[in-house]
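Data block for input.tsv (TSV, C-alpha atoms):
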```tsv
chain	number	residue	atom	x	y	z
X	653	GLY	CA	-71.28	99.61	19.54
X	654	GLU	CA	-68.27	97.66	20.66
X	655	SER	CA	-64.84	99.14	20.17
X	656	VAL	CA	-61.27	98.40	21.10
X	657	GLY	CA	-58.96	101.34	21.51
X	658	LEU	CA	-55.46	102.14	22.63
X	659	HIS	CA	-54.29	104.81	25.03
X	660	LEU	CA	-51.07	105.81	23.26
X	661	PRO	CA	-50.44	105.94	19.53
X	662	THR	CA	-46.61	105.88	19.89
X	663	LEU	CA	-44.33	104.46	22.55
X	664	SER	CA	-40.57	105.06	22.55
X	665	VAL	CA	-38.31	102.93	24.75
X	666	GLN	CA	-34.64	102.27	25.20
X	667	GLU	CA	-33.25	98.91	24.21
X	668	GLY	CA	-33.24	96.63	27.23
X	669	ASP	CA	-36.08	98.40	29.00
X	670	ASN	CA	-39.48	96.85	29.59
X	671	SER	CA	-42.39	98.06	27.43
X	672	ILE	CA	-46.03	98.25	28.38
X	673	ILE	CA	-48.69	98.73	25.74
X	674	ASN	CA	-52.22	99.38	26.95
X	675	CYS	CA	-55.62	98.74	25.43
X	676	ALA	CA	-59.21	99.40	26.47
X	677	TYR	CA	-62.18	97.44	25.23
X	678	SER	CA	-65.82	98.36	25.59
X	679	ASN	CA	-67.84	95.15	25.44
X	680	SER	CA	-68.15	93.17	28.64
X	681	ALA	CA	-69.36	90.18	26.60
X	682	SER	CA	-65.93	89.73	24.98
X	683	ASP	CA	-64.48	86.33	25.83
X	684	TYR	CA	-61.17	86.22	23.99
X	685	PHE	CA	-58.36	88.75	23.56
X	686	ILE	CA	-55.36	88.68	21.28
X	687	TRP	CA	-52.26	90.79	20.76
X	688	TYR	CA	-50.76	91.09	17.29
X	689	LYS	CA	-47.49	92.58	16.05
X	690	GLN	CA	-47.32	94.12	12.60
X	691	GLU	CA	-44.08	94.98	10.85
X	692	SER	CA	-43.96	97.26	7.84
X	693	GLY	CA	-45.31	95.61	4.71
X	694	LYS	CA	-46.45	92.47	6.51
X	695	GLY	CA	-49.63	91.07	7.94
X	696	PRO	CA	-50.39	91.01	11.67
X	697	GLN	CA	-48.48	88.31	13.50
X	698	PHE	CA	-49.93	86.55	16.54
X	699	ILE	CA	-48.06	87.27	19.79
X	700	ILE	CA	-50.18	86.03	22.68
X	701	ASP	CA	-53.81	85.51	23.62
X	702	ILE	CA	-55.87	85.28	26.78
X	703	ARG	CA	-59.35	84.07	27.57
X	704	SER	CA	-61.76	86.04	29.68
X	705	ASN	CA	-61.55	83.52	32.55
X	706	MET	CA	-57.87	84.38	33.04
X	707	ASP	CA	-56.11	87.46	34.46
X	708	LYS	CA	-52.59	86.86	33.25
X	709	ARG	CA	-50.76	84.82	30.71
X	710	GLN	CA	-47.05	84.65	30.01
X	711	GLY	CA	-45.11	83.79	26.91
X	712	GLN	CA	-41.51	84.20	25.93
X	713	ARG	CA	-40.59	87.77	27.04
X	714	VAL	CA	-44.26	88.79	26.80
X	715	THR	CA	-47.03	88.92	29.36
X	716	VAL	CA	-50.66	89.84	28.82
X	717	LEU	CA	-52.75	91.16	31.70
X	718	LEU	CA	-56.53	91.34	31.62
X	719	ASN	CA	-58.59	93.46	34.00
X	720	LYS	CA	-62.23	92.74	33.31
X	721	THR	CA	-63.43	95.14	36.00
X	722	VAL	CA	-62.19	98.16	34.08
X	723	LYS	CA	-62.13	96.46	30.66
X	724	HIS	CA	-58.39	96.93	30.22
X	725	LEU	CA	-55.76	94.82	28.52
X	726	SER	CA	-52.01	95.29	28.53
X	727	LEU	CA	-49.02	93.75	26.81
X	728	GLN	CA	-45.70	93.75	28.62
X	729	ILE	CA	-42.50	93.10	26.70
X	730	ALA	CA	-39.44	92.35	28.79
X	731	ALA	CA	-35.96	93.50	27.77
X	732	THR	CA	-37.22	95.20	24.62
X	733	GLN	CA	-35.06	94.63	21.56
X	734	PRO	CA	-34.74	96.54	18.27
X	735	GLY	CA	-36.58	93.68	16.58
X	736	ASP	CA	-39.61	94.48	18.72
X	737	SER	CA	-40.10	97.76	16.85
X	738	ALA	CA	-43.47	97.45	15.13
X	739	VAL	CA	-47.13	98.38	15.47
X	740	TYR	CA	-49.00	96.40	18.10
X	741	PHE	CA	-52.73	95.75	17.95
X	742	CYS	CA	-55.09	94.37	20.52
X	743	ALA	CA	-58.23	92.61	19.39
X	744	ASP	CA	-61.23	91.13	21.13
X	745	ARG	CA	-64.02	88.77	20.22
X	746	LEU	CA	-67.61	88.72	21.35
X	747	SER	CA	-68.68	85.53	23.03
X	748	GLY	CA	-70.40	83.35	20.43
X	749	GLY	CA	-69.16	85.54	17.58
X	750	TYR	CA	-66.95	83.04	15.77
X	751	ASN	CA	-63.62	84.77	15.23
X	752	LYS	CA	-65.01	88.17	14.27
X	753	LEU	CA	-62.19	90.06	15.92
X	754	ILE	CA	-62.47	93.78	16.63
X	755	PHE	CA	-59.18	95.62	16.39
X	756	GLY	CA	-57.89	98.77	17.98
X	757	ALA	CA	-56.06	101.44	15.99
X	758	GLY	CA	-52.62	100.20	17.06
X	759	THR	CA	-49.62	101.49	19.03
X	760	ARG	CA	-46.28	102.03	17.36
X	761	LEU	CA	-43.37	100.82	19.48
X	762	ALA	CA	-40.02	102.44	18.67
X	763	VAL	CA	-36.95	100.89	20.32
X	764	HIS	CA	-33.87	103.09	20.51
X	765	PRO	CA	-30.33	101.79	21.06
O	609	ASN	CA	-47.18	74.94	5.19
O	610	ALA	CA	-47.37	78.21	3.29
O	611	GLY	CA	-50.07	79.51	5.67
O	612	VAL	CA	-52.30	82.21	4.19
O	613	THR	CA	-51.30	83.33	0.70
O	614	GLN	CA	-52.66	86.49	-0.90
O	615	THR	CA	-52.29	87.62	-4.49
O	616	PRO	CA	-51.54	90.05	-5.93
O	617	LYS	CA	-49.29	91.99	-3.52
O	618	PHE	CA	-49.98	95.30	-5.25
O	619	GLN	CA	-52.73	96.48	-7.59
O	620	VAL	CA	-53.72	99.78	-9.18
O	621	LEU	CA	-57.23	100.15	-10.54
O	622	LYS	CA	-59.16	102.90	-12.20
O	623	THR	CA	-62.52	103.96	-10.80
O	624	GLY	CA	-65.22	101.63	-12.03
O	625	GLN	CA	-62.98	98.67	-12.76
O	626	SER	CA	-63.58	95.33	-11.10
O	627	MET	CA	-61.11	92.80	-9.78
O	628	THR	CA	-60.72	89.81	-7.52
O	629	LEU	CA	-58.29	89.56	-4.64
O	630	GLN	CA	-57.21	85.98	-4.11
O	631	CYS	CA	-56.72	84.25	-0.76
O	632	ALA	CA	-55.74	80.65	-0.15
O	633	GLN	CA	-54.82	78.77	3.01
O	634	ASP	CA	-53.33	75.30	3.40
O	635	MET	CA	-54.05	74.77	7.11
O	636	ASN	CA	-57.52	73.24	6.63
O	637	HIS	CA	-59.06	76.15	8.52
O	638	GLU	CA	-62.82	76.39	8.30
O	639	TYR	CA	-63.05	80.06	9.23
O	640	MET	CA	-61.80	82.69	6.78
O	641	SER	CA	-62.24	86.43	6.71
O	642	TRP	CA	-61.28	89.63	4.92
O	643	TYR	CA	-60.19	92.84	6.63
O	644	ARG	CA	-59.20	96.21	5.31
O	645	GLN	CA	-56.63	98.42	6.98
O	646	ASP	CA	-56.59	102.18	6.52
O	647	PRO	CA	-53.96	104.60	7.92
O	648	GLY	CA	-54.48	105.40	11.58
O	649	MET	CA	-57.23	102.85	11.92
O	650	GLY	CA	-57.41	99.28	13.03
O	651	LEU	CA	-58.46	96.45	10.80
O	652	ARG	CA	-62.13	96.38	9.87
O	653	LEU	CA	-63.98	93.22	8.96
O	654	ILE	CA	-65.45	93.12	5.45
O	655	HIS	CA	-66.81	89.57	5.06
O	656	TYR	CA	-66.27	86.22	6.69
O	657	SER	CA	-67.00	82.55	6.13
O	658	VAL	CA	-67.38	79.68	8.58
O	659	GLY	CA	-67.09	76.99	5.94
O	660	ALA	CA	-67.52	76.16	2.27
O	661	GLY	CA	-70.79	77.59	0.96
O	662	ILE	CA	-71.35	79.85	3.99
O	663	THR	CA	-70.52	83.55	4.01
O	664	ASP	CA	-71.72	86.57	5.95
O	665	GLN	CA	-71.16	90.29	6.17
O	666	GLY	CA	-68.84	92.06	8.52
O	667	GLU	CA	-68.61	95.70	9.52
O	668	VAL	CA	-67.89	97.24	6.08
O	669	PRO	CA	-69.31	94.93	3.36
O	670	ASN	CA	-70.58	97.49	0.84
O	671	GLY	CA	-68.88	97.30	-2.55
O	672	TYR	CA	-67.45	93.82	-1.95
O	673	ASN	CA	-68.63	90.30	-2.73
O	674	VAL	CA	-67.30	86.96	-1.55
O	675	SER	CA	-67.92	83.30	-2.18
O	676	ARG	CA	-66.51	80.14	-0.63
O	677	SER	CA	-66.63	77.14	-2.92
O	678	THR	CA	-63.74	75.27	-1.25
O	679	THR	CA	-62.22	75.16	2.23
O	680	GLU	CA	-58.92	76.51	0.90
O	681	ASP	CA	-60.00	79.58	-1.09
O	682	PHE	CA	-61.87	82.75	-0.19
O	683	PRO	CA	-61.69	85.38	-2.96
O	684	LEU	CA	-62.82	88.97	-2.46
O	685	ARG	CA	-64.41	90.74	-5.42
O	686	LEU	CA	-64.59	94.47	-5.93
O	687	LEU	CA	-67.56	95.06	-8.20
O	688	SER	CA	-66.88	98.65	-9.25
O	689	ALA	CA	-63.79	100.11	-7.64
O	690	ALA	CA	-64.00	103.50	-5.94
O	691	PRO	CA	-61.20	105.70	-4.51
O	692	SER	CA	-62.63	105.02	-1.03
O	693	GLN	CA	-61.58	101.40	-1.49
O	694	THR	CA	-57.92	102.35	-1.61
O	695	SER	CA	-56.56	100.34	1.31
O	696	VAL	CA	-54.52	97.35	2.34
O	697	TYR	CA	-56.56	94.16	2.36
O	698	PHE	CA	-55.78	91.23	4.62
O	699	CYS	CA	-57.14	87.73	4.51
O	700	ALA	CA	-57.12	85.69	7.71
O	701	SER	CA	-58.11	82.18	8.74
O	702	SER	CA	-58.56	80.07	11.86
O	703	TYR	CA	-60.54	77.23	13.32
O	704	PRO	CA	-64.04	78.40	14.20
O	705	ARG	CA	-64.99	79.16	17.75
O	706	GLY	CA	-66.63	75.78	18.05
O	707	ARG	CA	-63.20	74.21	18.16
O	708	GLY	CA	-61.94	76.37	20.97
O	709	TYR	CA	-59.94	79.55	21.16
O	710	SER	CA	-57.78	79.99	18.12
O	711	PRO	CA	-56.12	83.19	16.86
O	712	LEU	CA	-56.52	84.41	13.32
O	713	HIS	CA	-53.58	83.76	10.98
O	714	PHE	CA	-53.04	86.57	8.50
O	715	GLY	CA	-51.62	86.80	5.02
O	716	ASN	CA	-49.22	89.57	4.04
O	717	GLY	CA	-51.85	91.69	2.37
O	718	THR	CA	-52.77	93.23	-0.97
O	719	ARG	CA	-52.09	96.93	-1.32
O	720	LEU	CA	-54.81	98.39	-3.56
O	721	THR	CA	-54.87	101.88	-5.04
O	722	VAL	CA	-57.92	103.16	-6.90
O	723	THR	CA	-57.39	106.26	-9.02
```

Can I see the file as structure tokens?
Amino acid sequence: GESVGLHLPTLSVQEGDNSIINCAYSNSASDYFIWYKQESGKGPQFIIDIRSNMDKRQGQRVTVLLNKTVKHLSLQIAATQPGDSAVYFCADRLSGGYNKLIFGAGTRLAVHP
Amino acid sequence: NAGVTQTPKFQVLKTGQSMTLQCAQDMNHEYMSWYRQDPGMGLRLIHYSVGAGITDQGEVPNGYNVSRSTTEDFPLRLLSAAPSQTSVYFCASSYPRGRGYSPLHFGNGTRLTVT
């Protein structure tokens, strides 16, 4: 069945460095991809999304890259700040599947001063 | 806008008890869903609804019931709680796919412990 997974469970970075969080998905029929940030005790918070007809999308300090050839998604955070410390999830949606998002297990980002 | 509101925030049940987790949204979203989150795992879809009166099962529906009588509310019922249902439950809403690409908006969760 379809699955969305992450390569690294924990990522430690220095404040001010750039962070890259990776994600692999398995279903080539997925048409929509979303990154969420989850802080302790809170629900997932939307960061950025990208449709399958795009390769790259930029937001404020964040960039999502989509490589459909190898079914890989990444989230880049520029100038990482202590407030970026959280668990990050990628999610994908099958084309025609309403918003039945499939989530990966998450990557914990730890930002050190 | 309050967004997605879940109550209660915490709940302890004994095995066999039943309860209802409440979810309400004030964004006029037609699509609503319930996920559970277990340690070391991603969120798994329990049930979802694409509008009032319409519900369907997700990945892990056993032991849970839902109904959708209004656009705003989507309660999740545990019929007979089991320790395996100890988890954090999240409600989420969005416009359906038919209205374009729209991310899910999540509530802050209900932490449930079944002893």

**Report entry** Counting only C-alpha atoms, chain X residues within 10 Å of chain O, as an MDAnalysis selection string
**Finding:** chainID X and resid 656:657 661 683:688 690 693:703 741:743 745 747:759

I'd like the neighbourhood of stretch 668-675 of chain O as a JSON list (two decimals) with C-alpha atoms, keeping the file's coordinate frame, where a residue qualifies if any of its atoms comes within 7 Å (using only C-alpha atoms), though same-chain residues fewer than 6 positions away should be ignored.
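The resulting file, selection_5.json, is reproduced below:
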```json
[["chain", "number", "residue", "atom", "x", "y", "z"],
["O", 652, "ARG", "CA", -62.13, 96.38, 9.87],
["O", 653, "LEU", "CA", -63.98, 93.22, 8.96],
["O", 654, "ILE", "CA", -65.45, 93.12, 5.45],
["O", 655, "HIS", "CA", -66.81, 89.57, 5.06],
["O", 682, "PHE", "CA", -61.87, 82.75, -0.19],
["O", 683, "PRO", "CA", -61.69, 85.38, -2.96],
["O", 684, "LEU", "CA", -62.82, 88.97, -2.46],
["O", 685, "ARG", "CA", -64.41, 90.74, -5.42],
["O", 686, "LEU", "CA", -64.59, 94.47, -5.93],
["O", 687, "LEU", "CA", -67.56, 95.06, -8.20]]
```

Centre and edges of the stretch 737-742 of chain X box, axis-aligned, 4 Å extra per side, as lines of an AutoDock Vina configuration file:
```
center_x = -47.6
center_y = 96.4
center_z = 17.8
size_x = 23.0
size_y = 12.0
size_z = 13.4
```

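You will find atom CA of X:Ser737 at 16.8 Å from atom CA of X:Thr715.
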
**Report entry** Within 9 Å of O:Thr678 using all atoms listed in the file, minus same-chain residues under 4 positions, as a list of chain:residue names
**Finding:**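 Contacts, in chain order: O:Gly659, O:Ala660, O:Gly661, O:Phe682.
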
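The residue that comes closest to O:Ala690, out of O:Gln614, O:Asn609, O:Thr623, O:Gln633 and on the basis of all atoms listed in the file, is O:Thr623.
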
Requested in this report: Find the distance between atom CA of X:Ala731 and atom CA of X:Thr662 and write it in Å to one decimal.
Outcome: 18.1 Å

**Report entry** atom CA of O:Gly611 to atom CA of O:Ala689, straight-line distance in Å
**Finding:**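 It comes out at 28.1 Å.
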
Requested in this report: Considering all atoms listed in the file, return as number ranges by chain whatever protein or nucleic-acid residues lie within 8 Å of O:Val722, sequence-local ones (same chain, fewer than 2 positions apart) excluded.
Outcome: O: 620-623, 689-694, 720

Requested in this report: Identify the residues within 7 Å of coordinate (-27.8, 102.4, 22.4) (same frame as the file), considering all atoms listed in the file, and give the answer as an NGL selection string.
Outcome: :X and (667 or 764-765)

Query raised in the report: So which residues are close to (-55.9, 85.3, -3.1), meaning at most 6 Å away in the file's coordinates with all atoms listed in the file counted, and can you show them as a list in words?
Result: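 Using all atoms listed in the file, the matching residues come out as Gln614, Thr615, Leu629, Gln630, Cys631, Ala632 and Pro683 of chain O.
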
Can we get stretch 611-625 of chain O of that structure written down with all heavy atoms, as a PDB file, in the first residue's frame?
```
ATOM      1  N   GLY O 611     -10.972  28.434  14.585  1.00  0.00           N
ATOM      2  CA  GLY O 611     -10.369  27.334  13.847  1.00  0.00           C
ATOM      3  C   GLY O 611     -11.033  26.015  14.205  1.00  0.00           C
ATOM      4  O   GLY O 611     -12.254  25.907  14.215  1.00  0.00           O
ATOM      5  N   VAL O 612     -10.213  25.016  14.524  1.00  0.00           N
ATOM      6  CA  VAL O 612     -10.709  23.699  14.915  1.00  0.00           C
ATOM      7  C   VAL O 612     -10.551  23.561  16.429  1.00  0.00           C
ATOM      8  O   VAL O 612      -9.443  23.707  16.946  1.00  0.00           O
ATOM      9  CB  VAL O 612      -9.936  22.571  14.208  1.00  0.00           C
ATOM     10  CG1 VAL O 612     -10.450  21.214  14.670  1.00  0.00           C
ATOM     11  CG2 VAL O 612     -10.041  22.712  12.694  1.00  0.00           C
ATOM     12  N   THR O 613     -11.654  23.305  17.096  1.00  0.00           N
ATOM     13  CA  THR O 613     -11.653  23.216  18.557  1.00  0.00           C
ATOM     14  C   THR O 613     -11.992  21.801  18.984  1.00  0.00           C
ATOM     15  O   THR O 613     -13.012  21.244  18.571  1.00  0.00           O
ATOM     16  CB  THR O 613     -12.683  24.184  19.162  1.00  0.00           C
ATOM     17  OG1 THR O 613     -12.384  25.522  18.745  1.00  0.00           O
ATOM     18  CG2 THR O 613     -12.647  24.118  20.685  1.00  0.00           C
ATOM     19  N   GLN O 614     -11.135  21.228  19.815  1.00  0.00           N
ATOM     20  CA  GLN O 614     -11.351  19.871  20.317  1.00  0.00           C
ATOM     21  C   GLN O 614     -11.516  19.890  21.827  1.00  0.00           C
ATOM     22  O   GLN O 614     -10.799  20.589  22.531  1.00  0.00           O
ATOM     23  CB  GLN O 614     -10.156  18.977  19.977  1.00  0.00           C
ATOM     24  CG  GLN O 614      -9.990  18.691  18.502  1.00  0.00           C
ATOM     25  CD  GLN O 614      -8.854  17.709  18.258  1.00  0.00           C
ATOM     26  OE1 GLN O 614      -7.906  18.005  17.546  1.00  0.00           O
ATOM     27  NE2 GLN O 614      -8.972  16.533  18.849  1.00  0.00           N
ATOM     28  N   THR O 615     -12.475  19.111  22.295  1.00  0.00           N
ATOM     29  CA  THR O 615     -12.662  18.923  23.741  1.00  0.00           C
ATOM     30  C   THR O 615     -12.971  17.466  24.026  1.00  0.00           C
ATOM     31  O   THR O 615     -13.605  16.782  23.195  1.00  0.00           O
ATOM     32  CB  THR O 615     -13.818  19.799  24.266  1.00  0.00           C
ATOM     33  OG1 THR O 615     -15.007  19.500  23.530  1.00  0.00           O
ATOM     34  CG2 THR O 615     -13.482  21.278  24.154  1.00  0.00           C
ATOM     35  N   PRO O 616     -12.547  16.939  25.196  1.00  0.00           N
ATOM     36  CA  PRO O 616     -11.664  17.598  26.157  1.00  0.00           C
ATOM     37  C   PRO O 616     -10.218  17.567  25.691  1.00  0.00           C
ATOM     38  O   PRO O 616      -9.899  16.944  24.687  1.00  0.00           O
ATOM     39  CB  PRO O 616     -11.849  16.734  27.408  1.00  0.00           C
ATOM     40  CG  PRO O 616     -12.074  15.360  26.857  1.00  0.00           C
ATOM     41  CD  PRO O 616     -12.883  15.557  25.603  1.00  0.00           C
ATOM     42  N   LYS O 617      -9.311  18.195  26.412  1.00  0.00           N
ATOM     43  CA  LYS O 617      -7.880  18.151  26.107  1.00  0.00           C
ATOM     44  C   LYS O 617      -7.258  16.859  26.626  1.00  0.00           C
ATOM     45  O   LYS O 617      -6.331  16.318  26.029  1.00  0.00           O
ATOM     46  CB  LYS O 617      -7.160  19.350  26.709  1.00  0.00           C
ATOM     47  CG  LYS O 617      -7.434  20.659  25.996  1.00  0.00           C
ATOM     48  CD  LYS O 617      -6.604  21.776  26.589  1.00  0.00           C
ATOM     49  CE  LYS O 617      -6.663  23.039  25.738  1.00  0.00           C
ATOM     50  NZ  LYS O 617      -8.017  23.474  25.434  1.00  0.00           N
ATOM     51  N   PHE O 618      -7.741  16.393  27.751  1.00  0.00           N
ATOM     52  CA  PHE O 618      -7.230  15.170  28.363  1.00  0.00           C
ATOM     53  C   PHE O 618      -8.421  14.330  28.842  1.00  0.00           C
ATOM     54  O   PHE O 618      -9.432  14.881  29.261  1.00  0.00           O
ATOM     55  CB  PHE O 618      -6.325  15.458  29.561  1.00  0.00           C
ATOM     56  CG  PHE O 618      -5.140  16.316  29.250  1.00  0.00           C
ATOM     57  CD1 PHE O 618      -5.193  17.687  29.418  1.00  0.00           C
ATOM     58  CD2 PHE O 618      -3.964  15.741  28.791  1.00  0.00           C
ATOM     59  CE1 PHE O 618      -4.093  18.484  29.129  1.00  0.00           C
ATOM     60  CE2 PHE O 618      -2.855  16.527  28.500  1.00  0.00           C
ATOM     61  CZ  PHE O 618      -2.920  17.898  28.670  1.00  0.00           C
ATOM     62  N   GLN O 619      -8.252  13.005  28.787  1.00  0.00           N
ATOM     63  CA  GLN O 619      -9.299  12.107  29.273  1.00  0.00           C
ATOM     64  C   GLN O 619      -8.683  10.782  29.676  1.00  0.00           C
ATOM     65  O   GLN O 619      -7.825  10.260  28.957  1.00  0.00           O
ATOM     66  CB  GLN O 619     -10.358  11.873  28.185  1.00  0.00           C
ATOM     67  CG  GLN O 619     -11.515  11.014  28.616  1.00  0.00           C
ATOM     68  CD  GLN O 619     -12.419  11.714  29.613  1.00  0.00           C
ATOM     69  OE1 GLN O 619     -12.823  12.855  29.409  1.00  0.00           O
ATOM     70  NE2 GLN O 619     -12.736  11.033  30.695  1.00  0.00           N
ATOM     71  N   VAL O 620      -9.118  10.267  30.826  1.00  0.00           N
ATOM     72  CA  VAL O 620      -8.718   8.934  31.263  1.00  0.00           C
ATOM     73  C   VAL O 620      -9.973   8.083  31.340  1.00  0.00           C
ATOM     74  O   VAL O 620     -10.958   8.482  31.966  1.00  0.00           O
ATOM     75  CB  VAL O 620      -8.007   8.965  32.626  1.00  0.00           C
ATOM     76  CG1 VAL O 620      -7.641   7.548  33.063  1.00  0.00           C
ATOM     77  CG2 VAL O 620      -6.756   9.838  32.562  1.00  0.00           C
ATOM     78  N   LEU O 621      -9.930   6.932  30.712  1.00  0.00           N
ATOM     79  CA  LEU O 621     -11.064   6.013  30.724  1.00  0.00           C
ATOM     80  C   LEU O 621     -10.620   4.660  31.254  1.00  0.00           C
ATOM     81  O   LEU O 621      -9.438   4.299  31.150  1.00  0.00           O
ATOM     82  CB  LEU O 621     -11.607   5.802  29.304  1.00  0.00           C
ATOM     83  CG  LEU O 621     -12.320   6.947  28.599  1.00  0.00           C
ATOM     84  CD1 LEU O 621     -12.709   6.511  27.197  1.00  0.00           C
ATOM     85  CD2 LEU O 621     -13.541   7.375  29.380  1.00  0.00           C
ATOM     86  N   LYS O 622     -11.588   3.925  31.754  1.00  0.00           N
ATOM     87  CA  LYS O 622     -11.334   2.533  32.100  1.00  0.00           C
ATOM     88  C   LYS O 622     -11.777   1.657  30.935  1.00  0.00           C
ATOM     89  O   LYS O 622     -12.686   2.023  30.169  1.00  0.00           O
ATOM     90  CB  LYS O 622     -12.080   2.160  33.368  1.00  0.00           C
ATOM     91  CG  LYS O 622     -11.578   2.898  34.605  1.00  0.00           C
ATOM     92  CD  LYS O 622     -12.279   2.430  35.868  1.00  0.00           C
ATOM     93  CE  LYS O 622     -11.703   3.151  37.078  1.00  0.00           C
ATOM     94  NZ  LYS O 622     -12.367   2.745  38.341  1.00  0.00           N
ATOM     95  N   THR O 623     -11.135   0.518  30.800  1.00  0.00           N
ATOM     96  CA  THR O 623     -11.492  -0.422  29.739  1.00  0.00           C
ATOM     97  C   THR O 623     -12.989  -0.701  29.771  1.00  0.00           C
ATOM     98  O   THR O 623     -13.552  -0.976  30.825  1.00  0.00           O
ATOM     99  CB  THR O 623     -10.707  -1.727  29.908  1.00  0.00           C
ATOM    100  OG1 THR O 623      -9.305  -1.450  29.799  1.00  0.00           O
ATOM    101  CG2 THR O 623     -11.090  -2.729  28.842  1.00  0.00           C
ATOM    102  N   GLY O 624     -13.599  -0.612  28.589  1.00  0.00           N
ATOM    103  CA  GLY O 624     -15.020  -0.884  28.478  1.00  0.00           C
ATOM    104  C   GLY O 624     -15.911   0.342  28.528  1.00  0.00           C
ATOM    105  O   GLY O 624     -17.071   0.282  28.114  1.00  0.00           O
ATOM    106  N   GLN O 625     -15.381   1.451  29.023  1.00  0.00           N
ATOM    107  CA  GLN O 625     -16.179   2.670  29.057  1.00  0.00           C
ATOM    108  C   GLN O 625     -16.310   3.260  27.655  1.00  0.00           C
ATOM    109  O   GLN O 625     -15.497   2.987  26.772  1.00  0.00           O
ATOM    110  CB  GLN O 625     -15.544   3.709  29.992  1.00  0.00           C
ATOM    111  CG  GLN O 625     -15.675   3.377  31.456  1.00  0.00           C
ATOM    112  CD  GLN O 625     -15.113   4.480  32.349  1.00  0.00           C
ATOM    113  OE1 GLN O 625     -14.056   5.049  32.077  1.00  0.00           O
ATOM    114  NE2 GLN O 625     -15.836   4.762  33.422  1.00  0.00           N
TER     115      GLN O 625
END
```
